[in-house]
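*Asks:* Just one file: start-v6.pdb, with PDB, C-alpha atoms.
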```pdb
ATOM      1  CA  LYS G   1       0.000   0.000   0.000
ATOM      2  CA  ALA G   2       1.384   3.398  -0.931
ATOM      3  CA  GLY G   3       2.206   5.730   1.926
ATOM      4  CA  VAL G   4       1.226   9.327   2.454
ATOM      5  CA  THR G   5       2.580  11.508  -0.311
ATOM      6  CA  GLN G   6       3.203  15.228  -0.220
ATOM      7  CA  THR G   7       4.011  17.628  -3.008
ATOM      8  CA  PRO G   8       6.125  19.528  -3.562
ATOM      9  CA  ARG G   9       8.955  18.309  -1.352
ATOM     10  CA  TYR G  10      10.737  21.668  -1.368
ATOM     11  CA  LEU G  11       9.556  25.229  -1.914
ATOM     12  CA  ILE G  12      11.230  28.592  -1.811
ATOM     13  CA  LYS G  13       9.012  31.665  -1.621
ATOM     14  CA  THR G  14       9.414  35.312  -0.725
ATOM     15  CA  ARG G  15       7.601  37.284   1.937
ATOM     16  CA  GLY G  16       4.088  38.286   0.981
ATOM     17  CA  GLN G  17       3.553  35.452  -1.452
ATOM     18  CA  GLN G  18       1.149  32.628  -0.906
ATOM     19  CA  VAL G  19       1.712  28.885  -1.162
ATOM     20  CA  THR G  20      -0.376  25.738  -1.567
ATOM     21  CA  LEU G  21       0.810  22.356  -0.357
ATOM     22  CA  SER G  22      -0.772  19.048  -1.300
ATOM     23  CA  CYS G  23      -1.229  15.776   0.543
ATOM     24  CA  SER G  24      -2.541  12.424  -0.659
ATOM     25  CA  PRO G  25      -3.444  10.105   2.214
ATOM     26  CA  ILE G  26      -3.144   6.356   2.341
ATOM     27  CA  SER G  27      -6.010   4.702   0.504
ATOM     28  CA  GLY G  28      -8.964   4.213   2.851
ATOM     29  CA  HIS G  29      -7.856   6.902   5.294
ATOM     30  CA  ARG G  30     -10.404   9.687   5.493
ATOM     31  CA  SER G  31      -8.805  11.791   8.211
ATOM     32  CA  VAL G  32      -5.927  14.053   7.247
ATOM     33  CA  SER G  33      -4.011  16.244   9.696
ATOM     34  CA  TRP G  34      -1.434  18.926   9.069
ATOM     35  CA  TYR G  35       1.485  19.883  11.288
ATOM     36  CA  GLN G  36       4.186  22.522  11.237
ATOM     37  CA  GLN G  37       7.612  21.478  12.471
ATOM     38  CA  THR G  38      10.335  23.962  13.383
ATOM     39  CA  PRO G  39      13.490  23.543  15.488
ATOM     40  CA  GLY G  40      12.258  26.057  18.032
ATOM     41  CA  GLN G  41       8.619  25.030  18.407
ATOM     42  CA  GLY G  42       8.660  21.347  17.610
ATOM     43  CA  LEU G  43       5.635  19.695  16.035
ATOM     44  CA  GLN G  44       2.593  21.909  16.134
ATOM     45  CA  PHE G  45      -0.889  20.871  15.085
ATOM     46  CA  LEU G  46      -2.435  23.015  12.356
ATOM     47  CA  PHE G  47      -5.762  21.379  11.517
ATOM     48  CA  GLU G  48      -7.492  18.109  10.788
ATOM     49  CA  TYR G  49      -9.976  17.250   8.079
ATOM     50  CA  PHE G  50     -12.435  14.396   7.924
ATOM     51  CA  SER G  51     -14.900  13.850   5.098
ATOM     52  CA  GLU G  52     -14.184  17.281   3.626
ATOM     53  CA  THR G  53     -14.898  19.045   6.949
ATOM     54  CA  GLN G  54     -12.438  20.682   9.284
ATOM     55  CA  ARG G  55     -12.832  18.775  12.532
ATOM     56  CA  ASN G  56     -10.059  20.335  14.608
ATOM     57  CA  LYS G  57      -7.930  23.426  14.430
ATOM     58  CA  GLY G  58      -4.757  24.477  16.187
ATOM     59  CA  ASN G  59      -3.751  27.954  17.288
ATOM     60  CA  PHE G  60      -2.524  29.382  14.031
ATOM     61  CA  PRO G  61      -3.558  32.670  12.371
ATOM     62  CA  GLY G  62      -6.162  32.768   9.648
ATOM     63  CA  ARG G  63      -3.430  32.993   7.015
ATOM     64  CA  PHE G  64      -3.239  29.226   7.373
ATOM     65  CA  SER G  65      -6.139  27.412   5.789
ATOM     66  CA  GLY G  66      -6.892  24.047   4.321
ATOM     67  CA  ARG G  67      -9.424  21.939   2.570
ATOM     68  CA  GLN G  68     -10.151  18.348   1.759
ATOM     69  CA  PHE G  69     -11.582  16.895  -1.397
ATOM     70  CA  SER G  70     -14.054  14.069  -1.871
ATOM     71  CA  ASN G  71     -11.189  11.644  -2.586
ATOM     72  CA  SER G  72      -9.672  12.585   0.836
ATOM     73  CA  ARG G  73      -6.757  14.434  -0.727
ATOM     74  CA  SER G  74      -6.016  17.621   1.157
ATOM     75  CA  GLU G  75      -4.372  20.945   0.519
ATOM     76  CA  MET G  76      -3.167  23.612   2.853
ATOM     77  CA  ASN G  77      -2.640  27.229   1.925
ATOM     78  CA  VAL G  78      -0.580  29.903   3.567
ATOM     79  CA  SER G  79      -1.207  33.460   2.433
ATOM     80  CA  THR G  80       0.961  36.531   2.939
ATOM     81  CA  LEU G  81       4.002  34.486   3.848
ATOM     82  CA  GLU G  82       6.257  35.625   6.677
ATOM     83  CA  LEU G  83       9.860  34.651   7.395
ATOM     84  CA  GLY G  84       8.647  32.723  10.437
ATOM     85  CA  ASP G  85       6.576  30.435   8.236
ATOM     86  CA  SER G  86       9.747  28.685   7.119
ATOM     87  CA  ALA G  87       9.280  25.135   8.364
ATOM     88  CA  LEU G  88       8.696  21.523   7.508
ATOM     89  CA  TYR G  89       4.984  20.996   6.876
ATOM     90  CA  LEU G  90       3.856  17.472   7.584
ATOM     91  CA  CYS G  91       0.672  15.743   6.603
ATOM     92  CA  ALA G  92      -0.610  12.615   8.329
ATOM     93  CA  SER G  93      -3.502  10.313   7.544
ATOM     94  CA  THR G  94      -5.240   8.195  10.155
ATOM     95  CA  ASN G  95      -6.005   4.500   9.948
ATOM     96  CA  PRO G  96      -9.730   4.344  10.787
ATOM     97  CA  THR G  97      -9.375   0.943  12.451
ATOM     98  CA  THR G  98      -6.354   1.534  14.667
ATOM     99  CA  ASP G  99      -6.393   5.355  15.000
ATOM    100  CA  THR G 100      -2.694   5.392  14.115
ATOM    101  CA  GLN G 101      -1.411   8.401  12.188
ATOM    102  CA  TYR G 102       0.985   7.832   9.320
ATOM    103  CA  PHE G 103       3.087  10.750   8.162
ATOM    104  CA  GLY G 104       4.258  11.837   4.764
ATOM    105  CA  PRO G 105       7.831  13.009   4.112
ATOM    106  CA  GLY G 106       6.867  16.654   4.478
ATOM    107  CA  THR G 107       7.241  19.795   2.404
ATOM    108  CA  ARG G 108      10.200  21.976   3.312
ATOM    109  CA  LEU G 109       9.119  25.603   2.898
ATOM    110  CA  THR G 110      11.707  28.366   2.942
ATOM    111  CA  VAL G 111      10.529  31.965   3.006
ATOM    112  CA  LEU G 112      13.107  34.561   1.958
TER     113      LEU G 112
ATOM    114  CA  GLY D   1       0.636  27.129  17.867
ATOM    115  CA  GLU D   2      -0.082  24.211  20.179
ATOM    116  CA  SER D   3       2.899  22.065  21.197
ATOM    117  CA  VAL D   4       4.714  20.700  24.191
ATOM    118  CA  GLY D   5       8.204  21.881  25.107
ATOM    119  CA  LEU D   6      11.032  23.613  23.275
ATOM    120  CA  HIS D   7      14.263  21.889  24.282
ATOM    121  CA  LEU D   8      15.424  18.634  22.757
ATOM    122  CA  PRO D   9      16.904  16.218  25.297
ATOM    123  CA  THR D  10      19.659  13.984  24.004
ATOM    124  CA  LEU D  11      20.639  10.432  24.816
ATOM    125  CA  SER D  12      23.861   8.737  23.771
ATOM    126  CA  VAL D  13      24.175   4.970  24.024
ATOM    127  CA  GLN D  14      26.746   2.397  23.016
ATOM    128  CA  GLU D  15      25.811   0.085  20.173
ATOM    129  CA  GLY D  16      24.361  -3.111  21.600
ATOM    130  CA  ASP D  17      23.169  -1.514  24.837
ATOM    131  CA  ASN D  18      19.525  -0.999  25.684
ATOM    132  CA  SER D  19      18.031   2.494  25.368
ATOM    133  CA  ILE D  20      15.272   3.990  27.466
ATOM    134  CA  ILE D  21      13.539   7.145  26.304
ATOM    135  CA  ASN D  22      11.128   8.814  28.679
ATOM    136  CA  CYS D  23       8.169  11.079  28.156
ATOM    137  CA  ALA D  24       5.752  12.885  30.443
ATOM    138  CA  TYR D  25       2.323  13.470  28.975
ATOM    139  CA  SER D  26      -0.044  16.222  29.889
ATOM    140  CA  ASN D  27      -3.654  15.082  29.754
ATOM    141  CA  SER D  28      -4.982  12.459  32.144
ATOM    142  CA  ALA D  29      -7.907  11.961  29.762
ATOM    143  CA  SER D  30      -5.671  10.859  26.893
ATOM    144  CA  ASP D  31      -6.418   7.269  26.015
ATOM    145  CA  TYR D  32      -4.010   6.485  23.219
ATOM    146  CA  PHE D  33      -0.241   6.964  23.100
ATOM    147  CA  ILE D  34       2.185   6.598  20.251
ATOM    148  CA  TRP D  35       5.927   6.623  19.756
ATOM    149  CA  TYR D  36       7.380   7.951  16.519
ATOM    150  CA  LYS D  37      10.900   7.925  15.116
ATOM    151  CA  GLN D  38      12.067  10.742  12.881
ATOM    152  CA  GLU D  39      15.244  10.524  10.875
ATOM    153  CA  SER D  40      16.846  13.563   9.348
ATOM    154  CA  GLY D  41      14.929  14.812   6.320
ATOM    155  CA  LYS D  42      12.018  12.446   6.803
ATOM    156  CA  GLY D  43       8.579  12.510   8.337
ATOM    157  CA  PRO D  44       7.885  10.803  11.678
ATOM    158  CA  GLN D  45       7.586   7.025  11.403
ATOM    159  CA  PHE D  46       5.225   5.015  13.616
ATOM    160  CA  ILE D  47       7.060   2.666  15.988
ATOM    161  CA  ILE D  48       4.590   1.369  18.550
ATOM    162  CA  ASP D  49       1.426   2.415  20.334
ATOM    163  CA  ILE D  50      -0.410   1.625  23.532
ATOM    164  CA  ARG D  51      -3.909   2.246  24.817
ATOM    165  CA  SER D  52      -4.717   3.445  28.290
ATOM    166  CA  ASN D  53      -6.150   0.074  29.349
ATOM    167  CA  MET D  54      -2.676  -1.449  29.055
ATOM    168  CA  ASP D  55       0.562  -0.775  30.904
ATOM    169  CA  LYS D  56       3.002  -2.585  28.632
ATOM    170  CA  ARG D  57       3.228  -3.502  25.006
ATOM    171  CA  GLN D  58       6.047  -5.173  23.117
ATOM    172  CA  GLY D  59       7.092  -4.996  19.520
ATOM    173  CA  GLN D  60      10.164  -6.042  17.644
ATOM    174  CA  ARG D  61      13.089  -4.870  19.846
ATOM    175  CA  VAL D  62      10.857  -2.171  21.349
ATOM    176  CA  THR D  63       8.708  -2.039  24.455
ATOM    177  CA  VAL D  64       6.432   0.757  25.572
ATOM    178  CA  LEU D  65       5.520   1.189  29.217
ATOM    179  CA  LEU D  66       2.659   3.352  30.409
ATOM    180  CA  ASN D  67       2.262   4.603  33.962
ATOM    181  CA  LYS D  68      -1.026   6.453  34.177
ATOM    182  CA  THR D  69      -0.590   7.284  37.842
ATOM    183  CA  VAL D  70       2.295   9.641  37.117
ATOM    184  CA  LYS D  71       1.424  10.280  33.451
ATOM    185  CA  HIS D  72       4.639   8.772  32.202
ATOM    186  CA  LEU D  73       5.478   6.888  29.054
ATOM    187  CA  SER D  74       8.729   5.178  28.160
ATOM    188  CA  LEU D  75      10.189   3.519  25.095
ATOM    189  CA  GLN D  76      12.752   0.787  25.535
ATOM    190  CA  ILE D  77      14.904  -0.240  22.581
ATOM    191  CA  ALA D  78      16.795  -3.489  22.990
ATOM    192  CA  ALA D  79      20.267  -4.001  21.516
ATOM    193  CA  THR D  80      20.427  -0.485  20.079
ATOM    194  CA  GLN D  81      21.859  -0.265  16.577
ATOM    195  CA  PRO D  82      23.347   2.664  14.615
ATOM    196  CA  GLY D  83      20.176   2.742  12.515
ATOM    197  CA  ASP D  84      18.231   3.619  15.650
ATOM    198  CA  SER D  85      19.878   7.051  15.739
ATOM    199  CA  ALA D  86      17.044   9.532  15.281
ATOM    200  CA  VAL D  87      14.701  11.836  17.153
ATOM    201  CA  TYR D  88      11.967  10.010  19.047
ATOM    202  CA  PHE D  89       8.629  11.625  19.808
ATOM    203  CA  CYS D  90       5.933  10.509  22.147
ATOM    204  CA  ALA D  91       2.412  11.602  21.333
ATOM    205  CA  GLU D  92      -0.863  11.500  23.181
ATOM    206  CA  LYS D  93      -4.243  11.467  21.603
ATOM    207  CA  THR D  94      -7.245  13.177  23.013
ATOM    208  CA  SER D  95     -10.591  13.450  21.295
ATOM    209  CA  TYR D  96     -11.346  13.671  17.586
ATOM    210  CA  ASP D  97      -7.872  12.611  16.407
ATOM    211  CA  LYS D  98      -6.154  15.651  17.880
ATOM    212  CA  VAL D  99      -2.641  14.457  18.667
ATOM    213  CA  ILE D 100      -0.242  16.330  20.933
ATOM    214  CA  PHE D 101       3.462  15.670  20.515
ATOM    215  CA  GLY D 102       6.196  15.835  23.101
ATOM    216  CA  PRO D 103       9.399  17.807  22.414
ATOM    217  CA  GLY D 104      11.319  14.777  21.200
ATOM    218  CA  THR D 105      14.503  13.069  22.350
ATOM    219  CA  SER D 106      17.556  12.780  20.144
ATOM    220  CA  LEU D 107      19.096   9.318  20.335
ATOM    221  CA  SER D 108      22.701   8.948  19.240
ATOM    222  CA  VAL D 109      24.193   5.469  18.965
ATOM    223  CA  ILE D 110      27.944   5.193  19.391
ATOM    224  CA  PRO D 111      29.433   2.406  17.258
TER     225      PRO D 111
END
```
I'd like the structure from this file rewritten - as structure tokens, please.

*Replies:*
Amino acid sequence: KAGVTQTPRYLIKTRGQQVTLSCSPISGHRSVSWYQQTPGQGLQFLFEYFSETQRNKGNFPGRFSGRQFSNSRSEMNVSTLELGDSALYLCASTNPTTDTQYFGPGTRLTVL
Amino acid sequence: GESVGLHLPTLSVQEGDNSIINCAYSNSASDYFIWYKQESGKGPQFIIDIRSNMDKRQGQRVTVLLNKTVKHLSLQIAATQPGDSAVYFCAEKTSYDKVIFGPGTSLSVIP
């Protein structure tokens, strides 16, 4: 079974731009969660989608948004990028039977 | 953002020795706990999990112990190998799939 995939793997943007990241969950997984990982703050929960609905949200500003499609694929968007948004963005899908989250390789975003 | 801790503890062990990585969790209502391994440049990889109705669970070379009284979780790795060098995260799950991660522990295996 294919794992969680994320595209692109690397991105370089400048301040003020916006960015869209994509995540394809493991087949059969309907829950997709997004995390931001930085050396200083560790792994921080952004939001979680289930059946195209946002079910949980972390404490991030409204510049961070997401959505989920009917095939469970998810995207997250960050508008008006700031230098502090530079991070590894991780997507995880949840096995509905075991509740275990499986992570993708992440998208490394650098904001210049 | 929501997270636990800022500093990354480190643990150095000799190859072949056993490793013990500890974690304190925050929510007494959490009922599911997971250990992840993250190697440089990769996403976290599931190692082993345990539910709150258990106090011990064993996998291949790994054992997780749960002490609900003191809200403590530990990961034991038997016969540590160089490939075990990574950052290890504990995570606790509350309701609706919201997972809270610990700060991580960096494990370094000395050949």

*Asks:* Considering all atoms listed in the file, state which residue in the set G:Gln18, G:Ser93, G:Thr80, G:Ser33 is at the smallest distance from Arg67 (chain G).

*Replies:* G:Ser33

*Asks:* So which residues get picked by the PyMOL selection byres ((chain G) within 10 of (chain D)) here, written as JSON, numbers by chain?

*Replies:* {"G": [4, 31, 32, 33, 35, 36, 37, 38, 39, 40, 41, 42, 43, 44, 45, 46, 47, 48, 49, 50, 55, 56, 57, 58, 59, 60, 61, 88, 89, 90, 91, 92, 94, 98, 99, 100, 101, 102, 103, 104, 105, 106, 107, 108]}

*Asks:* What gap, in Å, lies between CA of Pro96 (chain G) and CA of Gly66 (chain G)?

*Replies:*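 Atom-to-atom, CA of Pro96 (chain G) and CA of Gly66 (chain G) are spaced 20.9 Å apart.
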
*Asks:* Find the distance between CA of Leu107 (chain D) and CA of Pro25 (chain G) and write it in Å to one decimal.

*Replies:*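 Between these atoms lies a distance of 28.9 Å.
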
*Asks:* Just the number, please: distance in Å from CA of Gly16 (chain D) to CA of Gln76 (chain D), one decimal.

*Replies:* 12.9 Å

*Asks:* For Lys13 (chain G), which of G:Glu82, G:Thr97, G:Asn77, G:Glu52 is the closest residue, counting all atoms listed in the file?

*Replies:*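 The answer is G:Glu82, which sits nearest to Lys13 (chain G).
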